[in-house]
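Before any comments, here is the structure.
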Amino acid sequence: MKYNPFRKRTGILPSYFTGRENELNELKEIYYSTKQGVPGHLILYGPKGIGKTSLLLKFQEEISNFDDVYSVRIPLMEGNFEDIYTLIIEKCSDTLDINIHNFWEKINSLGINIPLIGVSFSREIPKTSPVVAFEKILKVIYDELGSDNPVLILLFDDLQRIMGNDETMKILSILQNALVELNLQGKNIMFVATGSEDIFYKIQDKLDSEILIFEPYLVRPLSYNELCEAINIPIKKLNVIFEEDVLKEIYSLSEGIPYYMQILAYTCFEVINDDNKVTMTEFKNATLHSLNILAQREFKVLFSKSTTEERKILCLMAESDDIILSYSYIKDNANLNSEPSALLNNLIKKNMIIKPSRGKYKLKNNLFKLYLQNLRINQDTGLVNHN
């Protein structure tokens, strides 16, 4: 049995990384600028599965051999202010091989108490202001780096996880102030974060001034040629061929989103025929497997959050030949018991539809559309036909 070179999970590097030259060049330019004493701070944003974490990991891999570079990846998690604060400090100390006891002795000598699991120090929030505390902590970390002109790169993954809580959102404000002060002191610290498609709206809504030092960078889908490269190069080594029509279908369904591309390619590889090929026959069987994977992980939970009235709209969008539907078309054809405005807004908040422009709506992606088509929702009742 052949080793499957594709990935059906997010958050890990694919077996073959393709594209993203522009993104990697942008990150490296900011690094070089930071090295020269003009630090930059970037937020990579885009839809789920677009490859933000993979890009972060690839950048970290490519700079690993650079002189005087120290990078720390911090996968953010939901929690309270103390949890996030502690996570950042622990990840920095662990990744950078800083002597933990010497480190905390220096921290305590500054009059700051930070909670640290497994070490018997005070678990109180610092008595100094969090902004001053975090600035001093980063300064201690930076000064511990073993070179004359180091660059410390903080890589924050999944920024949106701390954006839903007014308390934990303070971290972004604290970081901004600390970074500004430390950069002014000649500390070459670069900040890169990943965030969801709407991350800047969330930041602006709560912390308008905090986006001033963070440059936005939209991570775009792969092109058709990049997708073909990502599939063909790994399978060529295994003497397997995906027919061109299959590649086109994978691109159409995935819309160039790497996560969906990887799942489709993974399930296709699982059903290669006796000639070591994947034709449209194998692709159709593989697609059902892909939908089952996505249903279990994502689509089924999403759909369960919808009401019967909302499902009428989803059904209309799934069965329409048009990708984008107007408000008036939905109002006239969805068989609703009320105006669709509130229902559409709810579906947007639940991440099932997108509003590309005023009065225009579409399903979140083509695979979700295919999933809804297979459910066979009754347009009149909004109920799923189980027959």
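Ordering of the structure tokens sets the chain letters (A, B, ...), residue numbers begin anew at 1 in every chain, and ligands are numbered from 1 in the order given.
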Residues of range 187-327 of chain A in helix (DSSP H, G or I) according to DSSP, as an NGL selection string? :A and (199-206 or 208-211 or 224-236 or 244-254 or 258-270 or 280-304 or 308-319 or 327)
Write down as a VMD selection string the residues of range 342-377 of chain A whose backbone DSSP state falls under strand (DSSP E). chain A and resid 353 to 357 360 to 363
Might you pull out every residue within 10 Å of Asn351 in chain A, with only C-alpha atoms counted and same-chain residues fewer than 4 positions away left off, and present them as a VMD selection string? chain A and resid 302 345 to 347 363 to 364
With C-alpha atoms retained, write the just-selected residues as a PDB file, in the first residue's frame.
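Ended up saving to part15.pdb:
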```
ATOM      1  CA  LEU A 302     -22.616  24.341  11.299  1.00  0.00           C
ATOM      2  CA  ASN A 345     -27.444  38.212   9.240  1.00  0.00           C
ATOM      3  CA  ASN A 346     -27.694  35.152  11.469  1.00  0.00           C
ATOM      4  CA  LEU A 347     -26.316  32.898   8.727  1.00  0.00           C
ATOM      5  CA  LEU A 363     -22.608  30.090   0.551  1.00  0.00           C
ATOM      6  CA  LYS A 364     -19.291  29.957   2.416  1.00  0.00           C
TER       7      LYS A 364
END
```
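Between CA of Glu298 in chain A and CA of Lys350 in chain A there is a distance of 11.8 Å.
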Looking at only C-alpha atoms, which of A:Met190, A:Leu367, A:Ala342, A:Cys268 is the one that sits closest to Gly256 in chain A? A:Leu367
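Around range 260-264 of chain A, within 6 Å and counting only C-alpha atoms, the residues found are A:Phe6, A:Arg7, A:Lys8, A:Ser254, A:Ile257, A:Thr267, A:Ser290, once anything fewer than 3 positions away on its own chain is removed.
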Report as a PyMOL selection string all protein, DNA and RNA residues lying within 6 Å of range 216-219 of chain A, evaluated on only C-alpha atoms, omitting residues in the same chain fewer than 3 positions from it. chain A and resi 43-46
Selection from above, N, CA, C and O atoms, as a PDB file, in the first residue's frame, can you write it?
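Output contents, as saved in selection-v8.pdb:
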```
ATOM      1  N   ILE A  43      -0.068  41.046  10.488  1.00  0.00           N
ATOM      2  CA  ILE A  43      -1.121  40.070  10.770  1.00  0.00           C
ATOM      3  C   ILE A  43      -1.547  39.433   9.450  1.00  0.00           C
ATOM      4  O   ILE A  43      -2.062  40.107   8.550  1.00  0.00           O
ATOM      5  N   LEU A  44      -1.288  38.129   9.314  1.00  0.00           N
ATOM      6  CA  LEU A  44      -1.711  37.358   8.147  1.00  0.00           C
ATOM      7  C   LEU A  44      -3.148  36.899   8.395  1.00  0.00           C
ATOM      8  O   LEU A  44      -3.418  36.229   9.394  1.00  0.00           O
ATOM      9  N   TYR A  45      -4.062  37.262   7.504  1.00  0.00           N
ATOM     10  CA  TYR A  45      -5.456  36.898   7.748  1.00  0.00           C
ATOM     11  C   TYR A  45      -6.083  36.282   6.510  1.00  0.00           C
ATOM     12  O   TYR A  45      -5.603  36.457   5.383  1.00  0.00           O
ATOM     13  N   GLY A  46      -7.134  35.531   6.725  1.00  0.00           N
ATOM     14  CA  GLY A  46      -7.823  34.866   5.624  1.00  0.00           C
ATOM     15  C   GLY A  46      -8.768  33.815   6.172  1.00  0.00           C
ATOM     16  O   GLY A  46      -8.812  33.568   7.384  1.00  0.00           O
TER      17      GLY A  46
END
```
When you count only C-alpha atoms, which of these residues is closest to Arg358 in chain A: A:Ser328, A:Asn177, A:Asn378, A:Gln373?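 Using only C-alpha atoms, Arg358 in chain A sits closest to A:Ser328.
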Under the rule that only C-alpha atoms are counted, which of A:Arg20, A:Lys277, A:Lys312, A:Arg161 is the nearest residue to Leu336 in chain A?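 Ranking A:Arg20, A:Lys277, A:Lys312, A:Arg161 by distance to Leu336 in chain A, first place goes to A:Lys312.
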Residue nearest Glu29 in chain A - candidates A:Ile63, A:Ile98, A:Ala133, A:Leu57, atoms counted: only C-alpha atoms: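 Smallest separation from Glu29 in chain A among the options: A:Ile63.
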Which value, in Å to one decimal, gives the distance between CA of Ser338 in chain A and CA of Ser306 in chain A?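 Distance reported for this atom pair: 15.7 Å.
The two atoms in question, CA of Ser252 in chain A and CA of Tyr361 in chain A, are spaced 19.0 Å apart.
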I'd like the neighbourhood of Val301 in chain A as a PyMOL selection string, where a residue qualifies if any of its atoms comes within 12 Å (using only C-alpha atoms), though same-chain residues fewer than 4 positions away should be ignored. chain A and resi 294-297+305-306+350-352+368
Write a file of the selected residues as a compact mmCIF listing (two decimals), in the first residue's frame, keeping N, CA and C atoms.
```txt
# COMPACT_ATOMS: atom_id res chain seq x y z
N LEU A 294 -15.45 16.24 6.11
CA LEU A 294 -15.79 17.63 6.41
C LEU A 294 -17.10 17.74 7.20
N ALA A 295 -18.02 16.83 6.94
CA ALA A 295 -19.27 16.83 7.70
C ALA A 295 -18.99 16.59 9.18
N GLN A 296 -18.14 15.60 9.46
CA GLN A 296 -17.84 15.27 10.85
C GLN A 296 -17.09 16.40 11.55
N ARG A 297 -16.22 17.09 10.83
CA ARG A 297 -15.38 18.10 11.46
C ARG A 297 -16.00 19.49 11.47
N LYS A 305 -26.78 24.33 13.72
CA LYS A 305 -27.05 25.62 14.35
C LYS A 305 -28.11 26.43 13.61
N SER A 306 -28.55 25.94 12.47
CA SER A 306 -29.51 26.71 11.66
C SER A 306 -30.95 26.34 12.01
N LYS A 350 -23.08 32.89 11.77
CA LYS A 350 -22.82 31.47 12.00
C LYS A 350 -21.83 30.89 10.99
N ASN A 351 -21.29 31.74 10.13
CA ASN A 351 -20.25 31.34 9.16
C ASN A 351 -20.75 30.32 8.15
N MET A 352 -22.02 30.47 7.72
CA MET A 352 -22.55 29.59 6.68
C MET A 352 -22.69 30.30 5.34
N PHE A 368 -19.31 23.17 0.92
CA PHE A 368 -20.49 23.30 1.78
C PHE A 368 -21.76 23.24 0.93
```
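Residue nearest Leu314 in chain A, chosen from A:Ser341, A:Gln379, A:Asn188, A:Ser173 and counting only C-alpha atoms: A:Gln379.
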Any idea what's packed within 12 Å of Asn276 in chain A, counting only C-alpha atoms, ignoring anything in its chain fewer than 5 positions away? Could you give it as a PDB file with N, CA, C and O atoms, in the first residue's frame?
```
ATOM      1  N   MET A   1       0.848  -1.199   0.000  1.00  0.00           N
ATOM      2  CA  MET A   1       0.000   0.000   0.000  1.00  0.00           C
ATOM      3  C   MET A   1       0.883   1.249   0.000  1.00  0.00           C
ATOM      4  O   MET A   1       1.844   1.340   0.762  1.00  0.00           O
ATOM      5  N   LYS A   2       0.580   2.182  -0.887  1.00  0.00           N
ATOM      6  CA  LYS A   2       1.395   3.387  -1.024  1.00  0.00           C
ATOM      7  C   LYS A   2       1.145   4.362   0.118  1.00  0.00           C
ATOM      8  O   LYS A   2       0.032   4.481   0.603  1.00  0.00           O
ATOM      9  N   ILE A 235       2.918  13.110  -5.979  1.00  0.00           N
ATOM     10  CA  ILE A 235       2.472  11.818  -6.524  1.00  0.00           C
ATOM     11  C   ILE A 235       3.380  11.321  -7.651  1.00  0.00           C
ATOM     12  O   ILE A 235       3.424  10.118  -7.926  1.00  0.00           O
ATOM     13  N   LYS A 236       4.125  12.231  -8.276  1.00  0.00           N
ATOM     14  CA  LYS A 236       5.041  11.810  -9.345  1.00  0.00           C
ATOM     15  C   LYS A 236       6.101  10.866  -8.796  1.00  0.00           C
ATOM     16  O   LYS A 236       6.483   9.889  -9.447  1.00  0.00           O
ATOM     17  N   LEU A 238       5.695   8.784  -6.605  1.00  0.00           N
ATOM     18  CA  LEU A 238       5.054   7.507  -6.293  1.00  0.00           C
ATOM     19  C   LEU A 238       4.462   6.839  -7.532  1.00  0.00           C
ATOM     20  O   LEU A 238       3.744   5.847  -7.436  1.00  0.00           O
ATOM     21  N   ASN A 239       4.761   7.442  -8.704  1.00  0.00           N
ATOM     22  CA  ASN A 239       4.284   6.900  -9.983  1.00  0.00           C
ATOM     23  C   ASN A 239       2.758   6.845 -10.056  1.00  0.00           C
ATOM     24  O   ASN A 239       2.163   5.898 -10.568  1.00  0.00           O
ATOM     25  N   VAL A 240       2.114   7.892  -9.522  1.00  0.00           N
ATOM     26  CA  VAL A 240       0.655   8.000  -9.554  1.00  0.00           C
ATOM     27  C   VAL A 240       0.277   9.215 -10.396  1.00  0.00           C
ATOM     28  O   VAL A 240       0.989  10.221 -10.405  1.00  0.00           O
ATOM     29  N   ILE A 241      -0.843   9.122 -11.099  1.00  0.00           N
ATOM     30  CA  ILE A 241      -1.301  10.217 -11.956  1.00  0.00           C
ATOM     31  C   ILE A 241      -2.737  10.593 -11.610  1.00  0.00           C
ATOM     32  O   ILE A 241      -3.614   9.730 -11.494  1.00  0.00           O
ATOM     33  N   PHE A 242      -2.968  11.894 -11.419  1.00  0.00           N
ATOM     34  CA  PHE A 242      -4.328  12.436 -11.343  1.00  0.00           C
ATOM     35  C   PHE A 242      -4.641  13.026 -12.717  1.00  0.00           C
ATOM     36  O   PHE A 242      -3.907  13.896 -13.187  1.00  0.00           O
ATOM     37  N   GLU A 243      -5.702  12.551 -13.354  1.00  0.00           N
ATOM     38  CA  GLU A 243      -6.055  13.082 -14.674  1.00  0.00           C
ATOM     39  C   GLU A 243      -6.399  14.569 -14.580  1.00  0.00           C
ATOM     40  O   GLU A 243      -6.823  15.066 -13.529  1.00  0.00           O
ATOM     41  N   CYS A 268      -8.738  11.085  -2.903  1.00  0.00           N
ATOM     42  CA  CYS A 268      -8.489  10.596  -4.267  1.00  0.00           C
ATOM     43  C   CYS A 268      -7.358   9.573  -4.272  1.00  0.00           C
ATOM     44  O   CYS A 268      -7.428   8.532  -4.934  1.00  0.00           O
ATOM     45  N   PHE A 269      -6.301   9.889  -3.537  1.00  0.00           N
ATOM     46  CA  PHE A 269      -5.149   8.985  -3.492  1.00  0.00           C
ATOM     47  C   PHE A 269      -5.539   7.634  -2.906  1.00  0.00           C
ATOM     48  O   PHE A 269      -4.974   6.597  -3.283  1.00  0.00           O
ATOM     49  N   GLU A 270      -6.498   7.644  -1.998  1.00  0.00           N
ATOM     50  CA  GLU A 270      -6.927   6.404  -1.348  1.00  0.00           C
ATOM     51  C   GLU A 270      -7.644   5.462  -2.309  1.00  0.00           C
ATOM     52  O   GLU A 270      -7.779   4.272  -2.021  1.00  0.00           O
ATOM     53  N   VAL A 271      -8.130   5.991  -3.444  1.00  0.00           N
ATOM     54  CA  VAL A 271      -8.919   5.151  -4.366  1.00  0.00           C
ATOM     55  C   VAL A 271      -8.264   5.046  -5.743  1.00  0.00           C
ATOM     56  O   VAL A 271      -8.952   4.831  -6.745  1.00  0.00           O
ATOM     57  N   GLU A 282     -13.005   7.513 -10.089  1.00  0.00           N
ATOM     58  CA  GLU A 282     -12.477   7.454  -8.719  1.00  0.00           C
ATOM     59  C   GLU A 282     -12.761   8.753  -7.966  1.00  0.00           C
ATOM     60  O   GLU A 282     -13.044   8.741  -6.763  1.00  0.00           O
TER      61      GLU A 282
END
```
